[in-house]
>>> print(open('start.cif').read())   # mmCIF, C-alpha atoms
data_run
loop_
_atom_site.label_atom_id
_atom_site.label_comp_id
_atom_site.auth_asym_id
_atom_site.auth_seq_id
_atom_site.Cartn_x
_atom_site.Cartn_y
_atom_site.Cartn_z
CA LEU A 1 -68.30 -52.50 -104.93
CA ARG A 2 -67.36 -54.55 -107.94
CA VAL A 3 -64.70 -53.12 -110.21
CA SER A 4 -66.38 -52.15 -113.47
CA GLN A 5 -66.05 -49.80 -116.41
CA SER A 6 -67.92 -46.51 -116.48
CA ALA A 7 -71.30 -46.64 -118.20
CA LEU A 8 -70.86 -43.24 -119.89
CA ARG A 9 -68.02 -40.89 -120.67
CA LEU A 10 -68.78 -37.25 -121.32
CA LYS A 11 -66.14 -35.18 -123.05
CA ALA A 12 -66.42 -31.50 -123.87
CA THR A 13 -64.34 -31.20 -127.04
CA LYS A 14 -63.07 -27.97 -128.59
CA GLU A 15 -65.37 -28.58 -131.54
CA ALA A 16 -68.43 -28.88 -129.31
CA THR A 17 -67.63 -25.84 -127.16
CA GLY A 18 -65.98 -23.55 -129.70
CA THR A 19 -63.03 -22.83 -127.42
CA GLU A 20 -59.50 -22.32 -128.68
CA SER A 21 -57.65 -23.56 -125.62
CA SER A 22 -57.82 -26.44 -123.17
CA LEU A 23 -60.71 -26.54 -120.72
CA GLY A 24 -58.42 -27.88 -117.99
CA MET A 25 -59.71 -29.97 -115.11
CA CYS A 26 -63.40 -30.63 -114.58
CA THR A 27 -63.71 -29.11 -111.10
CA SER A 28 -67.40 -29.52 -110.34
CA LEU A 29 -70.52 -31.50 -111.26
CA CYS A 30 -74.06 -30.82 -110.15
CA ARG A 31 -77.59 -31.88 -111.04
CA ILE A 32 -79.91 -29.52 -112.91
CA SER A 33 -83.17 -30.71 -111.40
CA ALA A 34 -85.08 -27.80 -112.91
CA LEU A 35 -84.55 -29.24 -116.38
CA GLY A 36 -85.25 -32.85 -115.45
CA PRO A 37 -83.70 -35.93 -113.83
CA SER A 38 -81.28 -36.66 -116.68
CA TYR A 39 -79.53 -33.25 -116.76
CA ILE A 40 -76.20 -32.41 -115.16
CA LEU A 41 -73.80 -29.48 -115.30
CA SER A 42 -70.02 -29.65 -115.56
CA VAL A 43 -67.71 -26.76 -114.72
CA PHE A 44 -64.11 -26.61 -115.88
CA GLU A 45 -60.99 -24.91 -114.58
CA SER A 46 -61.12 -22.58 -117.60
CA THR A 47 -64.56 -21.29 -116.40
CA ASP A 48 -66.30 -23.13 -119.25
CA VAL A 49 -69.73 -24.44 -118.24
CA CYS A 50 -71.48 -27.30 -120.06
CA ALA A 51 -74.99 -28.65 -119.62
CA TRP A 52 -75.55 -32.31 -120.49
CA ASP A 53 -78.52 -34.55 -121.10
CA LEU A 54 -77.38 -38.04 -120.11
CA ARG A 55 -79.80 -39.51 -122.63
CA ARG A 56 -77.69 -37.84 -125.36
CA PRO A 57 -74.13 -37.90 -124.01
CA GLU A 58 -72.31 -37.35 -127.31
CA ALA A 59 -71.99 -33.59 -126.78
CA PRO A 60 -73.18 -30.92 -124.32
CA ILE A 61 -76.61 -29.48 -125.06
CA SER A 62 -75.41 -26.01 -124.09
CA HIS A 63 -72.12 -24.28 -123.39
CA THR A 64 -70.95 -20.91 -122.14
CA THR A 65 -68.38 -19.54 -119.69
CA SER A 66 -68.94 -18.16 -116.22
CA SER A 67 -66.43 -15.36 -116.73
CA SER A 68 -68.33 -12.06 -116.88
CA VAL A 69 -66.15 -10.48 -119.60
CA ALA A 70 -68.10 -10.34 -122.84
CA ASP A 71 -66.64 -11.02 -126.26
CA THR A 72 -68.23 -8.05 -128.03
CA SER A 73 -66.36 -8.57 -131.29
CA SER A 74 -68.32 -11.65 -132.32
CA GLY A 75 -71.28 -11.67 -129.93
CA SER A 76 -70.55 -15.31 -129.11
CA ALA A 77 -69.78 -17.11 -125.89
CA SER A 78 -66.37 -18.27 -127.11
CA ARG A 79 -63.23 -17.06 -125.38
CA THR A 80 -60.55 -15.33 -127.46
CA THR A 81 -56.82 -15.67 -127.06
CA SER A 82 -56.45 -11.92 -126.43
CA GLU A 83 -58.47 -12.01 -123.19
CA ALA A 84 -56.71 -12.17 -119.85
CA PRO A 85 -57.16 -15.60 -118.26
CA ALA A 86 -59.95 -15.77 -115.70
CA ALA A 87 -59.48 -17.20 -112.21
CA PRO A 88 -60.10 -20.98 -112.25
CA ALA A 89 -63.66 -22.06 -111.55
CA LEU A 90 -63.83 -24.39 -108.54
CA SER A 91 -67.44 -25.17 -107.63
CA ALA A 92 -71.00 -24.84 -108.89
CA VAL A 93 -74.54 -25.34 -107.62
CA ALA A 94 -77.86 -25.15 -109.45
CA VAL A 95 -80.71 -23.10 -107.94
CA TRP A 96 -83.88 -23.45 -110.01
CA ARG A 97 -82.92 -22.18 -113.47
CA HIS A 98 -79.80 -20.41 -112.20
CA VAL A 99 -76.26 -21.76 -111.84
CA TRP A 100 -73.90 -20.27 -109.27
CA VAL A 101 -70.22 -20.70 -110.19
CA ALA A 102 -67.42 -19.87 -107.73
CA SER A 103 -63.83 -19.09 -108.71
CA ALA A 104 -60.42 -19.07 -107.04
CA ASP A 105 -60.46 -15.26 -106.82
CA GLY A 106 -63.48 -15.43 -104.49
CA SER A 107 -66.02 -14.23 -107.05
CA ILE A 108 -69.36 -15.95 -107.59
CA ASN A 109 -71.03 -15.52 -110.97
CA ILE A 110 -74.61 -16.51 -111.70
CA LEU A 111 -75.77 -17.85 -115.05
CA LYS A 112 -79.32 -18.47 -116.15
CA PHE A 113 -80.99 -21.17 -118.20
CA ARG A 114 -83.42 -19.91 -120.79
CA SER A 115 -86.81 -21.60 -121.18
CA SER A 116 -85.26 -23.53 -124.09
CA GLY A 117 -82.72 -25.09 -121.73
CA GLN A 118 -79.83 -23.12 -123.23
CA LEU A 119 -77.37 -21.24 -121.02
CA GLN A 120 -77.31 -17.48 -121.37
CA ARG A 121 -74.38 -15.74 -123.04
CA ARG A 122 -71.49 -14.31 -121.07
CA ASN A 123 -72.49 -10.67 -121.44
CA SER A 124 -75.50 -11.20 -119.16
CA VAL A 125 -73.72 -12.99 -116.31
CA GLU A 126 -74.68 -11.66 -112.87
CA ALA A 127 -72.24 -11.44 -109.94
CA ALA A 128 -73.26 -12.29 -106.38
CA ALA A 129 -72.61 -9.46 -103.93
CA ALA A 130 -70.11 -10.87 -101.41
CA ALA A 131 -69.38 -9.31 -98.02
CA ALA A 132 -66.66 -6.68 -98.01
CA VAL A 133 -63.35 -7.43 -96.25
CA PRO A 134 -61.71 -6.51 -93.98
CA TYR A 135 -64.74 -6.87 -91.77
CA ALA A 136 -66.17 -4.16 -89.57
CA GLY A 137 -64.34 -3.92 -86.26
CA GLU A 138 -61.38 -6.08 -87.34
CA ALA A 139 -58.13 -4.16 -87.45
CA SER A 140 -55.88 -7.18 -88.00
CA THR A 141 -55.75 -10.28 -90.16
CA GLU A 142 -56.29 -12.58 -87.19
CA GLY A 143 -59.83 -13.46 -88.20
CA TRP A 144 -59.36 -13.53 -91.96
CA GLN A 145 -56.58 -13.80 -94.52
CA ARG A 146 -56.48 -11.27 -97.36
CA GLU A 147 -54.40 -13.48 -99.65
CA LYS A 148 -56.90 -16.32 -99.28
CA CYS A 149 -59.92 -14.85 -101.04
CA GLY A 150 -61.11 -17.96 -102.87
CA LEU A 151 -63.55 -20.64 -101.87
CA ASN A 152 -63.78 -24.40 -102.00
CA LEU A 153 -67.45 -25.27 -102.28
CA LEU A 154 -70.94 -23.93 -102.90
CA VAL A 155 -74.03 -25.73 -101.56
CA ALA A 156 -77.70 -24.76 -101.65
CA ARG A 157 -80.07 -25.26 -98.75
CA PRO A 158 -82.69 -27.86 -99.72
CA ASP A 159 -85.39 -25.18 -99.98
CA LEU A 160 -83.12 -23.26 -102.42
CA ARG A 161 -83.46 -20.03 -100.44
CA LEU A 162 -79.83 -19.93 -99.25
CA VAL A 163 -76.43 -20.74 -100.73
CA ALA A 164 -73.45 -21.38 -98.46
CA ALA A 165 -69.90 -20.72 -99.65
CA ALA A 166 -66.99 -22.49 -97.91
CA ARG A 167 -64.27 -19.84 -98.10
CA TRP A 168 -60.50 -20.02 -97.78
CA ASP A 169 -60.51 -17.11 -95.30
CA ARG A 170 -61.75 -19.37 -92.44
CA ARG A 171 -65.38 -18.37 -92.87
CA VAL A 172 -68.57 -19.65 -94.44
CA GLU A 173 -70.66 -17.05 -96.24
CA LEU A 174 -74.43 -17.20 -96.63
CA PHE A 175 -76.27 -15.73 -99.62
CA ASP A 176 -79.93 -14.99 -100.25
CA THR A 177 -80.62 -16.71 -103.58
CA LYS A 178 -83.44 -14.32 -104.49
CA THR A 179 -81.32 -11.17 -104.26
CA ALA A 180 -77.82 -12.72 -104.65
CA GLN A 181 -76.80 -10.58 -101.66
CA SER A 182 -74.49 -11.73 -98.88
CA LEU A 183 -76.12 -12.23 -95.49
CA GLY A 184 -72.72 -12.27 -93.78
CA ARG A 185 -69.82 -14.60 -93.02
CA LEU A 186 -69.65 -16.95 -90.04
CA GLN A 187 -66.38 -17.97 -88.38
CA SER A 188 -65.61 -20.94 -86.20
CA HIS A 189 -62.61 -22.52 -87.91
CA ASP A 190 -58.91 -21.77 -87.48
CA GLY A 191 -58.18 -22.63 -91.11
CA GLY A 192 -59.87 -22.54 -94.47
CA VAL A 193 -63.37 -23.99 -94.69
CA LEU A 194 -63.22 -27.10 -96.87
CA GLY A 195 -66.79 -28.37 -96.92
CA CYS A 196 -70.36 -27.57 -95.96
CA ALA A 197 -73.73 -29.32 -96.06
CA PHE A 198 -77.30 -28.54 -95.01
CA ASP A 199 -79.45 -31.00 -93.09
CA ARG A 200 -82.48 -31.83 -95.21
CA HIS A 201 -84.88 -32.03 -92.28
CA SER A 202 -83.83 -29.16 -90.01
CA GLY A 203 -81.91 -26.78 -92.29
CA VAL A 204 -78.91 -26.82 -89.90
CA LEU A 205 -75.60 -26.09 -91.66
CA ALA A 206 -72.50 -28.20 -91.00
CA THR A 207 -69.02 -26.97 -92.01
CA SER A 208 -65.61 -28.65 -91.94
CA GLY A 209 -62.20 -27.04 -92.02
CA GLU A 210 -58.46 -27.43 -92.31
CA ASP A 211 -58.35 -27.39 -88.49
CA GLY A 212 -60.05 -30.81 -88.39
CA ARG A 213 -63.19 -29.47 -86.74
CA ILE A 214 -66.83 -29.73 -87.78
CA ALA A 215 -69.09 -26.83 -86.82
CA LEU A 216 -72.90 -26.80 -86.73
CA TRP A 217 -74.82 -23.61 -87.40
CA ASN A 218 -78.49 -22.86 -86.73
CA ALA A 219 -78.38 -19.54 -88.59
CA LEU A 220 -81.73 -18.76 -90.25
CA VAL A 221 -83.21 -22.19 -89.42
CA ASP A 222 -86.42 -20.37 -88.47
CA THR A 223 -86.89 -19.59 -92.18
CA TYR A 224 -86.61 -23.24 -93.22
CA HIS A 225 -89.82 -25.17 -93.88
CA GLY A 226 -88.48 -28.26 -95.64
CA PRO A 227 -86.95 -29.17 -98.98
CA VAL A 228 -88.33 -27.92 -102.24
CA THR A 229 -90.28 -30.24 -104.51
CA TYR A 230 -89.72 -29.78 -108.20
CA PRO A 231 -92.77 -29.29 -110.40
CA SER A 232 -92.63 -30.00 -114.10
CA ALA A 233 -89.83 -28.15 -115.87
CA SER A 234 -92.27 -26.04 -117.88
CA SER A 235 -93.81 -24.52 -114.74
CA LEU A 236 -90.61 -23.55 -112.94
CA PRO A 237 -89.83 -19.90 -112.19
CA THR A 238 -87.54 -18.15 -114.66
#
>>> encode(input="start.cif", output="structure tokens")
Amino acid sequence: LRVSQSALRLKATKEATGTESSLGMCTSLCRISALGPSYILSVFESTDVCAWDLRRPEAPISHTTSSSVADTSSGSASRTTSEAPAAPALSAVAVWRHVWVASADGSINILKFRSSGQLQRRNSVEAAAAAAVPYAGEASTEGWQREKCGLNLLVARPDLRLVAAARWDRRVELFDTKTAQSLGRLQSHDGGVLGCAFDRHSGVLATSGEDGRIALWNALVDTYHGPVTYPSASSLPT
């Protein structure tokens, strides 16, 4: 590749987002195919979430936070200095008009895009129902690590029916995107799960871990019938 300057630089300023403190690192980027080919989402360490239209990069078209604590005093999506800091947001994935945002405390919050393309306010954020730990039949911490409750990455299966979460506790967790319910956690690694990806053709899940191994999973491949094709944005489910 030739060394070159970036074509665009997107910067979420305090003026554009209405926040009083630093957004911190930008920890995740993902496409928002439901809105169109020029839309992307950025997630920051502070849990701030910004939607961008690359055709108008001067400022985000919408902003909110993935923290589920509502600011009832003003009814706005801005964070106040009196609130306790939320766990850093680490990863995000878009599923139709919903955005799943994962944090270092292991929680996964789900935001929704309105038909106007604006992100919903914080007081209507939904939480995904993760599997309870310790797990049934496990009396020790050999298979999981209580202090490592966070996760590294969220990915959606190409048909958008499943989301996989690469967790620090050595497991990968699968979620039903329709119900936001956990379908269980799979273990094959001897360390935290660092990455995961679905095969576009077969629906097979691959995971990688701190142990240097790559595992392949055929869980629920019988429910996979190929990648989703996006219709026009106006006809997408809400």
>>> resolve_selection(input="start.cif", expression="the PyMOL selection byres ((chain A and resi 195) around 7)", output="PyMOL selection string")
chain A and resi 153+166+193-194+196+207-209
>>> residues_around(input="start.cif", residues="Trp168 of chain A", least_positions_apart="6", cutoff="7 Å", atoms="only C-alpha atoms", output="list in words")
Lys148, Cys149, Gly150, Leu151, Asn152, Gly192 and Val193 of chain A
>>> write_last_selection(input="start.cif", atoms="C-alpha atoms", output="JSON list (two decimals), in the coordinates of the input")
[["chain", "number", "residue", "atom", "x", "y", "z"],
["A", 148, "LYS", "CA", -56.90, -16.32, -99.28],
["A", 149, "CYS", "CA", -59.92, -14.85, -101.04],
["A", 150, "GLY", "CA", -61.11, -17.96, -102.87],
["A", 151, "LEU", "CA", -63.55, -20.64, -101.87],
["A", 152, "ASN", "CA", -63.78, -24.40, -102.00],
["A", 192, "GLY", "CA", -59.87, -22.54, -94.47],
["A", 193, "VAL", "CA", -63.37, -23.99, -94.69]]
>>> closest_residue(input="start.cif", among="A:Val95, A:Val172, A:Ala206, A:Ile108", to="Gly191 of chain A", atoms="all atoms listed in the file")
A:Val172
>>> closest_residue(input="start.cif", among="A:His225, A:Arg56, A:Lys11, A:Arg121", to="Val43 of chain A", atoms="all atoms listed in the file")
A:Lys11
>>> resolve_selection(input="start.cif", expression="the PyMOL selection byres ((chain A and resi 24-34) around 9)", output="PyMOL selection string")
chain A and resi 21-23+35-46+51+88-97+99+230-234+236
>>> atom_distance(input="start.cif", atom1="atom CA of Ala180 of chain A", atom2="atom CA of Arg114 of chain A")
18.5 Å
>>> atom_distance(input="start.cif", atom1="atom CA of Asp199 of chain A", atom2="atom CA of Ala127 of chain A")
26.8 Å
>>> closest_residue(input="start.cif", among="A:Ala104, A:Gln181, A:Arg170, A:Leu154", to="Ala128 of chain A", atoms="all atoms listed in the file")
A:Gln181
>>> atom_distance(input="start.cif", atom1="atom CA of Asp105 of chain A", atom2="atom CA of His189 of chain A")
20.4 Å
>>> closest_residue(input="start.cif", among="A:Lys178, A:Arg200, A:Arg167, A:Arg9", to="Ser107 of chain A", atoms="only C-alpha atoms")
A:Arg167
>>> residues_around(input="start.cif", residues="Ala156 of chain A", least_positions_apart="3", cutoff="10 Å", atoms="only C-alpha atoms", output="ChimeraX atom specification")
/A:92-95,100,159-165,174-175,177,196-198
>>> closest_residue(input="start.cif", among="A:Val228, A:Val125, A:Ala215, A:Ala86", to="Leu186 of chain A", atoms="all atoms listed in the file")
A:Ala215
>>> closest_residue(input="start.cif", among="A:Ser202, A:Ala131, A:Thr229, A:Arg55", to="Trp217 of chain A", atoms="only C-alpha atoms")
A:Ser202
